[in-house]
>>> print(open('final-v9.csv').read())   # CSV, C-alpha atoms
chain,number,residue,atom,x,y,z
A,1372,MET,CA,44.1,-94.3,-55.7
A,1373,SER,CA,47.2,-96.1,-54.5
A,1374,ASN,CA,47.9,-96.9,-58.2
A,1375,ASN,CA,47.9,-93.2,-59.0
A,1376,LEU,CA,50.3,-92.5,-56.2
A,1377,THR,CA,52.7,-95.1,-57.4
A,1378,ILE,CA,52.7,-93.6,-60.9
A,1379,ILE,CA,53.4,-90.1,-59.4
A,1380,LEU,CA,56.2,-91.5,-57.2
A,1381,VAL,CA,57.8,-93.3,-60.1
A,1382,PHE,CA,57.5,-90.2,-62.3
A,1383,CYS,CA,59.0,-88.0,-59.7
A,1384,SER,CA,62.0,-90.4,-59.2
A,1385,ILE,CA,62.7,-90.4,-62.9
A,1386,LEU,CA,62.6,-86.6,-63.0
A,1387,LEU,CA,64.8,-86.2,-60.0
A,1388,TYR,CA,67.3,-88.8,-61.4
A,1389,GLY,CA,67.3,-86.9,-64.7
A,1390,ILE,CA,68.1,-83.6,-63.1
A,1391,PHE,CA,70.8,-85.2,-61.0
A,1392,ALA,CA,72.4,-86.9,-64.0
A,1393,LEU,CA,72.3,-83.6,-65.9
A,1394,TYR,CA,74.1,-81.7,-63.2
A,1395,SER,CA,76.8,-84.3,-62.6
A,1396,CYS,CA,77.6,-85.0,-66.2
A,1397,ALA,CA,77.3,-81.6,-67.9
A,1398,GLN,CA,80.6,-80.3,-66.6
A,1399,GLU,CA,81.6,-77.4,-68.7
A,1400,PRO,CA,84.8,-77.7,-70.8
A,1401,PHE,CA,87.5,-75.1,-70.5
A,1402,VAL,CA,86.9,-74.3,-66.8
A,1403,GLN,CA,90.4,-72.8,-66.6
A,1404,GLY,CA,89.7,-70.5,-69.5
A,1405,LYS,CA,86.4,-69.5,-68.0
A,1406,ARG,CA,88.1,-68.7,-64.7
A,1407,ILE,CA,90.6,-66.5,-66.5
A,1408,TYR,CA,87.8,-64.8,-68.4
A,1409,GLU,CA,85.9,-64.0,-65.2
A,1410,VAL,CA,89.0,-62.5,-63.6
A,1411,ASN,CA,90.6,-60.7,-66.5
A,1412,CYS,CA,87.8,-59.9,-68.9
A,1413,GLY,CA,84.4,-60.3,-67.2
A,1414,ASN,CA,84.5,-57.0,-65.3
A,1415,CYS,CA,84.2,-55.1,-68.6
A,1416,HIS,CA,82.6,-57.5,-71.0
A,1417,MET,CA,80.5,-59.1,-68.3
A,1418,SER,CA,80.1,-62.8,-67.6
A,1419,ASP,CA,77.6,-63.2,-70.4
A,1420,GLY,CA,79.8,-61.3,-72.9
A,1421,HIS,CA,77.3,-58.6,-73.5
A,1422,GLY,CA,79.5,-55.7,-72.3
A,1423,LEU,CA,78.1,-52.4,-71.1
A,1424,GLY,CA,76.3,-49.9,-73.3
A,1425,ASP,CA,78.5,-48.6,-76.1
A,1426,MET,CA,81.3,-48.3,-73.6
A,1427,TYR,CA,82.6,-51.9,-73.4
A,1428,PRO,CA,81.7,-53.9,-76.5
A,1429,ASP,CA,79.4,-56.9,-76.7
A,1430,ILE,CA,81.9,-59.6,-77.7
A,1431,THR,CA,79.4,-62.4,-78.2
A,1432,LYS,CA,79.4,-62.0,-82.0
A,1433,SER,CA,82.9,-60.7,-82.4
A,1434,ASP,CA,84.9,-61.7,-85.4
A,1435,TYR,CA,87.9,-62.0,-83.2
A,1436,PHE,CA,86.6,-65.5,-82.4
A,1437,THR,CA,86.2,-66.5,-86.0
A,1438,SER,CA,88.2,-64.8,-88.7
A,1439,LYS,CA,90.6,-62.8,-86.5
A,1440,LYS,CA,92.0,-65.4,-84.1
A,1441,THR,CA,95.6,-64.4,-84.5
A,1442,ASP,CA,94.6,-60.8,-83.7
A,1443,LEU,CA,92.7,-62.0,-80.7
A,1444,ILE,CA,95.9,-63.4,-79.1
A,1445,CYS,CA,97.7,-60.1,-79.6
A,1446,LEU,CA,94.7,-58.2,-78.3
A,1447,ILE,CA,94.7,-60.2,-75.1
A,1448,ARG,CA,98.4,-59.8,-74.6
A,1449,HIS,CA,98.9,-56.1,-75.6
A,1450,GLY,CA,95.4,-54.6,-75.2
A,1451,LYS,CA,94.1,-51.7,-77.3
A,1452,LYS,CA,93.4,-48.0,-77.0
A,1453,GLY,CA,89.8,-47.2,-76.6
A,1454,SER,CA,87.9,-45.6,-79.5
A,1455,VAL,CA,85.1,-44.2,-77.4
A,1456,MET,CA,87.2,-42.3,-74.9
A,1457,GLU,CA,90.8,-42.1,-73.8
A,1458,SER,CA,90.3,-43.5,-70.3
A,1459,VAL,CA,88.3,-46.5,-71.4
A,1460,ILE,CA,90.8,-49.0,-72.8
A,1461,MET,CA,91.1,-52.7,-73.3
A,1462,PRO,CA,94.0,-53.4,-70.9
A,1463,ALA,CA,97.1,-55.5,-71.7
A,1464,ASN,CA,97.6,-58.8,-69.9
A,1465,LYS,CA,101.3,-59.1,-69.4
A,1466,GLU,CA,101.0,-61.6,-66.5
A,1467,LEU,CA,99.1,-64.3,-68.4
A,1468,THR,CA,101.1,-67.3,-69.3
A,1469,GLU,CA,101.0,-68.7,-72.8
A,1470,VAL,CA,99.1,-71.7,-71.4
A,1471,GLY,CA,96.7,-69.4,-69.8
A,1472,ILE,CA,96.1,-67.5,-73.0
A,1473,ASN,CA,95.6,-70.7,-74.8
A,1474,ASN,CA,93.0,-71.8,-72.2
A,1475,LEU,CA,91.2,-68.5,-72.5
A,1476,VAL,CA,91.2,-68.5,-76.3
A,1477,ASN,CA,89.7,-72.0,-76.2
A,1478,TYR,CA,87.0,-70.9,-73.8
A,1479,LEU,CA,86.2,-67.9,-76.0
A,1480,ASN,CA,86.1,-69.9,-79.2
A,1481,TYR,CA,83.9,-72.5,-77.5
A,1482,THR,CA,81.5,-70.0,-76.0
A,1483,TRP,CA,81.1,-67.4,-78.7
A,1484,GLY,CA,83.2,-68.4,-81.7
A,1485,ASP,CA,83.4,-71.3,-84.1
A,1486,GLY,CA,84.4,-73.8,-81.5
A,1487,SER,CA,87.8,-74.5,-83.0
A,1488,ILE,CA,90.6,-75.7,-80.7
A,1489,SER,CA,93.7,-73.5,-80.3
A,1490,LYS,CA,97.1,-75.2,-79.6
A,1491,LEU,CA,99.9,-73.8,-77.5
A,1492,ASP,CA,102.1,-73.5,-80.6
A,1493,ASP,CA,99.4,-71.2,-82.3
A,1494,VAL,CA,99.6,-68.9,-79.3
A,1495,LYS,CA,103.4,-68.9,-79.3
A,1496,THR,CA,103.6,-68.1,-83.0
A,1497,ALA,CA,100.9,-65.4,-82.8
A,1498,LEU,CA,102.7,-63.8,-79.8
A,1499,ALA,CA,106.0,-63.8,-81.6
A,1500,ASN,CA,104.4,-61.9,-84.5
A,1501,CYS,CA,102.3,-59.3,-82.7
A,1502,GLN,CA,102.5,-55.8,-84.1
A,1503,LYS,CA,103.4,-53.6,-81.2
A,1504,ASP,CA,102.5,-50.0,-81.4
B,1018,MET,CA,44.5,-88.4,-56.4
B,1019,ILE,CA,42.7,-85.6,-54.7
B,1020,ARG,CA,44.6,-86.3,-51.5
B,1021,THR,CA,47.9,-86.1,-53.4
B,1022,PHE,CA,47.0,-82.7,-54.8
B,1023,ALA,CA,45.9,-81.5,-51.4
B,1024,ILE,CA,49.3,-82.6,-49.8
B,1025,CYS,CA,51.1,-80.9,-52.7
B,1026,SER,CA,49.3,-77.7,-52.3
B,1027,ILE,CA,49.8,-77.5,-48.6
B,1028,MET,CA,53.5,-78.1,-49.1
B,1029,LEU,CA,53.7,-75.5,-51.8
B,1030,ALA,CA,51.9,-73.0,-49.6
B,1031,LEU,CA,54.3,-73.7,-46.8
B,1032,ILE,CA,57.3,-73.1,-49.0
B,1033,SER,CA,56.0,-69.9,-50.4
B,1034,CYS,CA,54.7,-68.8,-47.1
B,1035,GLN,CA,55.3,-65.0,-47.1
B,1036,GLN,CA,57.4,-63.6,-44.4
B,1037,GLU,CA,56.0,-60.6,-42.6
B,1038,ILE,CA,57.4,-57.5,-44.3
B,1039,LYS,CA,59.5,-55.4,-41.9
B,1040,PRO,CA,59.9,-51.7,-42.5
B,1041,LEU,CA,63.3,-50.8,-44.0
B,1042,PRO,CA,65.8,-49.9,-41.3
B,1043,TYR,CA,67.6,-46.6,-40.9
B,1044,ILE,CA,71.3,-47.3,-41.4
B,1045,GLY,CA,74.0,-45.5,-39.4
B,1046,ASP,CA,74.3,-44.1,-35.9
B,1047,ARG,CA,71.8,-41.6,-34.5
B,1048,THR,CA,73.1,-38.5,-33.0
B,1049,ASP,CA,71.7,-36.7,-30.0
B,1050,ILE,CA,71.1,-33.1,-30.7
B,1051,ASP,CA,69.6,-31.1,-27.8
B,1052,GLY,CA,67.8,-34.2,-26.6
B,1053,SER,CA,66.2,-35.2,-29.9
B,1054,MET,CA,67.7,-38.2,-31.7
B,1055,LEU,CA,68.6,-37.5,-35.4
B,1056,GLU,CA,69.2,-40.3,-37.9
B,1057,HIS,CA,72.5,-40.4,-39.7
B,1058,ASP,CA,72.4,-38.2,-42.8
B,1059,ILE,CA,74.5,-36.9,-45.7
B,1060,ARG,CA,76.7,-33.8,-45.1
B,1061,PRO,CA,76.2,-30.7,-47.3
B,1062,PHE,CA,77.7,-31.1,-50.7
B,1063,GLU,CA,78.2,-29.2,-53.9
B,1064,PHE,CA,79.1,-31.1,-57.1
B,1065,VAL,CA,78.7,-30.7,-60.9
B,1066,ASN,CA,76.8,-33.1,-63.1
B,1067,GLN,CA,77.5,-34.2,-66.7
B,1068,LEU,CA,75.5,-31.3,-68.0
B,1069,GLY,CA,77.6,-28.8,-66.1
B,1070,SER,CA,74.8,-28.0,-63.5
B,1071,THR,CA,75.6,-27.5,-59.9
B,1072,ILE,CA,74.0,-30.2,-57.7
B,1073,LYS,CA,73.5,-29.7,-54.0
B,1074,ASN,CA,71.6,-31.4,-51.3
B,1075,LYS,CA,68.5,-29.4,-52.0
B,1076,ASP,CA,68.4,-30.9,-55.6
B,1077,VAL,CA,67.9,-34.4,-54.2
B,1078,ASP,CA,65.6,-33.3,-51.4
B,1079,GLY,CA,62.2,-35.0,-51.7
B,1080,LYS,CA,63.7,-37.6,-54.1
B,1081,ILE,CA,64.5,-41.2,-53.4
B,1082,TYR,CA,68.0,-41.7,-54.9
B,1083,ILE,CA,70.2,-44.6,-55.7
B,1084,THR,CA,74.0,-43.9,-55.6
B,1085,ASP,CA,77.4,-45.4,-56.2
B,1086,PHE,CA,81.1,-44.4,-56.5
B,1087,PHE,CA,83.3,-45.2,-59.5
B,1088,PHE,CA,85.8,-43.8,-61.9
B,1089,ILE,CA,85.8,-44.1,-65.6
B,1090,SER,CA,89.2,-45.6,-66.2
B,1091,CYS,CA,88.5,-48.3,-63.5
B,1092,PRO,CA,89.8,-51.6,-64.8
B,1093,THR,CA,88.2,-53.7,-62.1
B,1094,ILE,CA,84.6,-53.9,-60.7
B,1095,CYS,CA,83.2,-50.6,-61.8
B,1096,PRO,CA,81.7,-51.7,-65.1
B,1097,ARG,CA,80.0,-54.6,-63.4
B,1098,VAL,CA,78.5,-52.3,-60.9
B,1099,LYS,CA,77.4,-49.9,-63.7
B,1100,LYS,CA,75.7,-52.8,-65.4
B,1101,GLN,CA,73.6,-53.3,-62.2
B,1102,MET,CA,73.0,-49.5,-61.9
B,1103,LEU,CA,71.6,-49.7,-65.5
B,1104,ARG,CA,69.2,-52.5,-64.3
B,1105,LEU,CA,68.1,-50.2,-61.5
B,1106,TYR,CA,67.8,-47.3,-63.9
B,1107,SER,CA,65.5,-49.3,-66.2
B,1108,LYS,CA,63.4,-50.2,-63.2
B,1109,VAL,CA,62.8,-46.7,-62.0
B,1110,LYS,CA,63.1,-44.9,-65.3
B,1111,ASN,CA,59.4,-43.9,-65.3
B,1112,ASN,CA,59.1,-43.0,-61.6
B,1113,GLU,CA,59.5,-39.3,-61.2
B,1114,ASP,CA,60.3,-39.6,-57.5
B,1115,VAL,CA,63.5,-41.7,-58.0
B,1116,ILE,CA,66.9,-40.6,-59.5
B,1117,LEU,CA,70.4,-42.0,-59.7
B,1118,LEU,CA,73.7,-40.4,-58.7
B,1119,SER,CA,77.1,-41.8,-59.6
B,1120,HIS,CA,80.1,-40.1,-58.0
B,1121,THR,CA,83.5,-40.2,-59.5
B,1122,ILE,CA,86.5,-40.6,-57.1
B,1123,ASP,CA,88.9,-39.5,-59.9
B,1124,PRO,CA,87.7,-35.9,-60.7
B,1125,LYS,CA,91.0,-35.0,-62.3
B,1126,ARG,CA,90.4,-37.3,-65.2
B,1127,ASP,CA,86.6,-37.5,-64.9
B,1128,THR,CA,85.7,-34.0,-65.9
B,1129,VAL,CA,82.2,-32.8,-66.8
B,1130,GLU,CA,83.0,-33.5,-70.5
B,1131,ALA,CA,84.2,-37.0,-69.8
B,1132,MET,CA,81.2,-37.7,-67.6
B,1133,LYS,CA,78.9,-36.5,-70.4
B,1134,ILE,CA,80.6,-38.8,-73.0
B,1135,TYR,CA,80.4,-41.7,-70.5
B,1136,ALA,CA,76.7,-41.1,-69.8
B,1137,ASP,CA,76.0,-40.8,-73.5
B,1138,ASN,CA,77.6,-44.1,-74.2
B,1139,LEU,CA,75.5,-45.7,-71.5
B,1140,GLY,CA,72.5,-44.4,-73.3
B,1141,ILE,CA,70.8,-42.9,-70.3
B,1142,ASP,CA,68.6,-39.8,-69.6
B,1143,HIS,CA,70.8,-37.0,-68.3
B,1144,ASN,CA,68.0,-35.6,-66.1
B,1145,LYS,CA,67.3,-39.0,-64.5
B,1146,TRP,CA,70.9,-40.1,-63.7
B,1147,TRP,CA,73.5,-37.6,-62.7
B,1148,PHE,CA,77.2,-38.3,-63.0
B,1149,LEU,CA,78.8,-36.1,-60.3
B,1150,THR,CA,82.3,-34.7,-60.3
B,1151,GLY,CA,84.0,-31.8,-58.3
B,1152,ASP,CA,86.4,-31.4,-55.5
B,1153,LYS,CA,88.3,-34.6,-54.8
B,1154,ASP,CA,88.4,-34.3,-51.0
B,1155,GLN,CA,84.7,-33.6,-50.9
B,1156,LEU,CA,84.0,-36.6,-53.1
B,1157,LEU,CA,86.1,-38.9,-51.0
B,1158,ASP,CA,84.7,-37.5,-47.7
B,1159,ILE,CA,81.1,-37.9,-48.8
B,1160,ALA,CA,81.8,-41.6,-49.5
B,1161,ASP,CA,82.2,-41.9,-45.8
B,1162,ASP,CA,78.7,-40.6,-45.2
B,1163,TYR,CA,77.4,-43.4,-47.5
B,1164,PHE,CA,79.6,-45.9,-45.7
B,1165,VAL,CA,81.5,-46.6,-48.9
B,1166,ALA,CA,85.2,-47.2,-48.7
B,1167,ALA,CA,86.9,-45.0,-51.3
B,1168,TYR,CA,90.5,-43.8,-51.1
B,1169,GLU,CA,93.5,-43.2,-53.3
B,1170,ASP,CA,96.0,-46.1,-53.4
B,1171,ASP,CA,98.8,-46.3,-55.8
B,1172,GLU,CA,99.0,-50.0,-55.4
B,1173,ALA,CA,95.4,-50.6,-56.4
B,1174,PRO,CA,94.5,-51.2,-60.1
B,1175,GLY,CA,93.8,-47.8,-61.6
B,1176,GLY,CA,95.1,-45.9,-58.5
B,1177,PHE,CA,91.9,-46.0,-56.4
B,1178,ASP,CA,90.5,-48.5,-54.0
B,1179,HIS,CA,86.8,-48.6,-53.4
B,1180,SER,CA,83.9,-50.9,-52.8
B,1181,GLY,CA,81.1,-51.7,-55.3
B,1182,LYS,CA,78.3,-50.8,-53.0
B,1183,ILE,CA,75.0,-49.3,-54.2
B,1184,ILE,CA,73.1,-47.3,-51.7
B,1185,LEU,CA,69.5,-46.4,-51.4
B,1186,ILE,CA,68.5,-43.0,-49.8
B,1187,ASP,CA,65.0,-41.9,-48.9
B,1188,LYS,CA,63.3,-38.6,-49.6
B,1189,GLU,CA,64.6,-37.2,-46.3
B,1190,GLY,CA,68.2,-38.0,-47.1
B,1191,ARG,CA,68.6,-41.1,-44.9
B,1192,ILE,CA,70.2,-44.3,-45.9
B,1193,ARG,CA,67.7,-47.2,-46.0
B,1194,SER,CA,69.4,-50.0,-47.8
B,1195,PHE,CA,72.5,-51.0,-49.7
B,1196,CYS,CA,73.7,-53.9,-51.8
B,1197,ASP,CA,76.7,-55.4,-53.5
B,1198,GLY,CA,76.7,-53.9,-57.0
B,1199,THR,CA,78.9,-56.8,-58.3
B,1200,ASP,CA,76.3,-59.4,-57.3
B,1201,PRO,CA,73.0,-59.4,-59.4
B,1202,ASP,CA,71.3,-61.4,-56.6
B,1203,SER,CA,72.1,-58.7,-54.1
B,1204,VAL,CA,70.7,-56.1,-56.5
B,1205,ASP,CA,67.5,-58.1,-56.9
B,1206,LYS,CA,67.0,-57.7,-53.1
B,1207,MET,CA,67.6,-54.0,-53.5
B,1208,MET,CA,64.9,-53.8,-56.1
B,1209,LYS,CA,62.4,-55.1,-53.6
B,1210,ASP,CA,63.6,-52.5,-51.1
B,1211,ILE,CA,63.1,-49.8,-53.6
B,1212,ASP,CA,59.5,-50.9,-54.2
B,1213,GLN,CA,58.9,-51.0,-50.5
B,1214,LEU,CA,60.4,-47.5,-50.0
B,1215,ILE,CA,58.3,-46.1,-52.8
B,1216,ALA,CA,55.2,-47.7,-51.2
B,1217,THR,CA,55.8,-45.9,-47.9
B,1218,TYR,CA,55.3,-42.5,-49.6
B,1219,GLU,CA,52.0,-43.6,-51.4
>>> encode(input="final-v9.csv", output="structure tokens")
Amino acid sequence: MSNNLTIILVFCSILLYGIFALYSCAQEPFVQGKRIYEVNCGNCHMSDGHGLGDMYPDITKSDYFTSKKTDLICLIRHGKKGSVMESVIMPANKELTEVGINNLVNYLNYTWGDGSISKLDDVKTALANCQKD
Amino acid sequence: MIRTFAICSIMLALISCQQEIKPLPYIGDRTDIDGSMLEHDIRPFEFVNQLGSTIKNKDVDGKIYITDFFFISCPTICPRVKKQMLRLYSKVKNNEDVILLSHTIDPKRDTVEAMKIYADNLGIDHNKWWFLTGDKDQLLDIADDYFVAAYEDDEAPGGFDHSGKIILIDKEGRIRSFCDGTDPDSVDKMMKDIDQLIATYE
């Protein structure tokens, strides 16, 4: 009887300790990027990246995070006209700093892309060469 | 061993102990008309939906409806609220007594045609969820009746300021619940209120 109780108690403690350890250690990388995403992107593409119907695209499998990374930087800075309707656009983000864009791109690549790390110089080069329409 | 289980079950029972379900409140001030108190209700309106049909109070009479205010070009919270409206839509899709109404506050750009395209791209049933446009003053005024802040503001992103509230109205046109459409947890609570409201008519 008391033996069983001890086993249960020990088991519970290990479990609790495990949960606690998980919470305190598993701090997400790219917290700044995530914050920028929530403020500047999440309203349309949603926190989980799945977008809204056919109106705001699901970006979780977007090739902007794999093969079109340079385009991604220009897309974030300059936005894009919508193809579904005129009043639904991807807005420009003139106020984001280069560091901010870099943090955002890293968060996006980590969350939905190939996990590659973007450097500030990549952002600067890409921005200098964006095609403006 | 048995004792451990007994203690555990008692504790679980205590945690999950159900609160007594209170009836949904009537939201808004009552008015005294010739001695009888009337609940706050929605003023007469006349709008047009995405199919071009005129929609008046009598068209929602006898229906429970869920409503919000938005505008298509809104760069801020509207899409998040619409995502939650979609969740509510999925929940009530097969219940004939419940419909959804989304009012635009930017009727100049959100014409019947624009609303139709918008609704098509959400993939919803046009007879179940109406997207209403019409006279701007009427649209902004009726927002007051639903206790939604909505007004033109050149400083606000997109030119309008408004709240992301979702409102639940009963079959008699009285407001029974509202939630924050940008917060999925708040919408979860609204789902329970919808079930409760439906149950009162059964």
>>> atom_distance(input="final-v9.csv", atom1="atom CA of Lys1100 of chain B", atom2="atom CA of Met1461 of chain A")
17.3 Å
>>> closest_atom_pairs(input="final-v9.csv", of="chain B", to="chain A", cutoff="7 Å", atoms="only C-alpha atoms", output="Markdown table")
| residue | atom | partner | partner_atom | distance |
| --- | --- | --- | --- | --- |
| B:Met1018 | CA | A:Met1372 | CA | 6.0 |
| B:Ile1089 | CA | A:Ser1458 | CA | 6.5 |
| B:Ser1090 | CA | A:Ser1458 | CA | 4.7 |
| B:Thr1093 | CA | A:Asn1414 | CA | 5.9 |
| B:Ile1094 | CA | A:Asn1414 | CA | 5.5 |
| B:Pro1096 | CA | A:Cys1415 | CA | 5.5 |
| B:Arg1097 | CA | A:Asn1414 | CA | 5.4 |
| B:Lys1100 | CA | A:Leu1423 | CA | 6.2 |
| B:Asn1138 | CA | A:Asp1425 | CA | 5.0 |
| B:Leu1139 | CA | A:Gly1424 | CA | 4.6 |
| B:Gly1140 | CA | A:Gly1424 | CA | 6.7 |
>>> atom_distance(input="final-v9.csv", atom1="atom CA of Thr1048 of chain B", atom2="atom CA of Gly1190 of chain B")
14.9 Å
>>> atom_distance(input="final-v9.csv", atom1="atom CA of Ile1072 of chain B", atom2="atom CA of Leu1149 of chain B")
8.0 Å
>>> residues_around(input="final-v9.csv", residues="Gln1101 of chain B", least_positions_apart="6", cutoff="9 Å", atoms="all atoms listed in the file", output="VMD selection string")
chain B and resid 1198 to 1201 1204
>>> residues_around(input="final-v9.csv", residues="Asp1058 of chain B", least_positions_apart="3", cutoff="10 Å", atoms="only C-alpha atoms", output="ChimeraX atom specification")
/B:1043-1048,1055,1061,1162-1163,1186,1189-1192
>>> residues_around(input="final-v9.csv", residues="Ile1083 of chain B", least_positions_apart="6", cutoff="8 Å", atoms="all atoms listed in the file", output="list in words")
Val1115, Ile1116, Leu1117, Leu1118, Ile1183, Ile1184, Leu1185 and Ile1186 of chain B
>>> residues_around(input="final-v9.csv", residues="Thr1437 of chain A", least_positions_apart="3", cutoff="6 Å", atoms="only C-alpha atoms", output="list in words")
Asp1434, Gly1484 and Asp1485 of chain A
>>> residues_around(input="final-v9.csv", residues="Met1207 of chain B", least_positions_apart="4", cutoff="7 Å", atoms="only C-alpha atoms", output="PyMOL selection string")
chain B and resi 1195-1196+1203+1211
>>> closest_residue(input="final-v9.csv", among="A:Thr1431, A:Tyr1478, A:Phe1436, A:Ile1447", to="Glu1399 of chain A", atoms="all atoms listed in the file")
A:Tyr1478
>>> closest_residue(input="final-v9.csv", among="B:Arg1126, B:Asn1074, B:Gln1213, B:Gln1155", to="Cys1091 of chain B", atoms="all atoms listed in the file")
B:Arg1126
>>> residues_near_point(input="final-v9.csv", point="(58.1, -37.1, -52.6)", cutoff="10 Å", atoms="all atoms listed in the file", output="list of chain:residue names")
B:Asp1078, B:Gly1079, B:Lys1080, B:Ile1081, B:Glu1113, B:Asp1114, B:Val1115, B:Asp1187, B:Lys1188, B:Glu1189, B:Ile1215, B:Tyr1218, B:Glu1219
>>> closest_residue(input="final-v9.csv", among="A:Ile1430, A:Ala1497, A:Ile1407, A:Ile1378", to="Leu1467 of chain A", atoms="all atoms listed in the file")
A:Ile1407
>>> axis_aligned_box(input="final-v9.csv", around="segment 1467-1483 of chain A", padding_each_side="8 Å", output="JSON")
{"center_x": 91.1, "center_y": -68.4, "center_z": -73.8, "size_x": 36.0, "size_y": 24.2, "size_z": 26.8}
>>> closest_residue(input="final-v9.csv", among="A:Phe1382, A:Asp1419, A:Val1470, A:Arg1406", to="Thr1482 of chain A", atoms="all atoms listed in the file")
A:Asp1419
>>> closest_residue(input="final-v9.csv", among="B:Ala1216, B:Leu1103, B:Leu1068, B:Ile1038", to="Ala1131 of chain B", atoms="all atoms listed in the file")
B:Leu1068
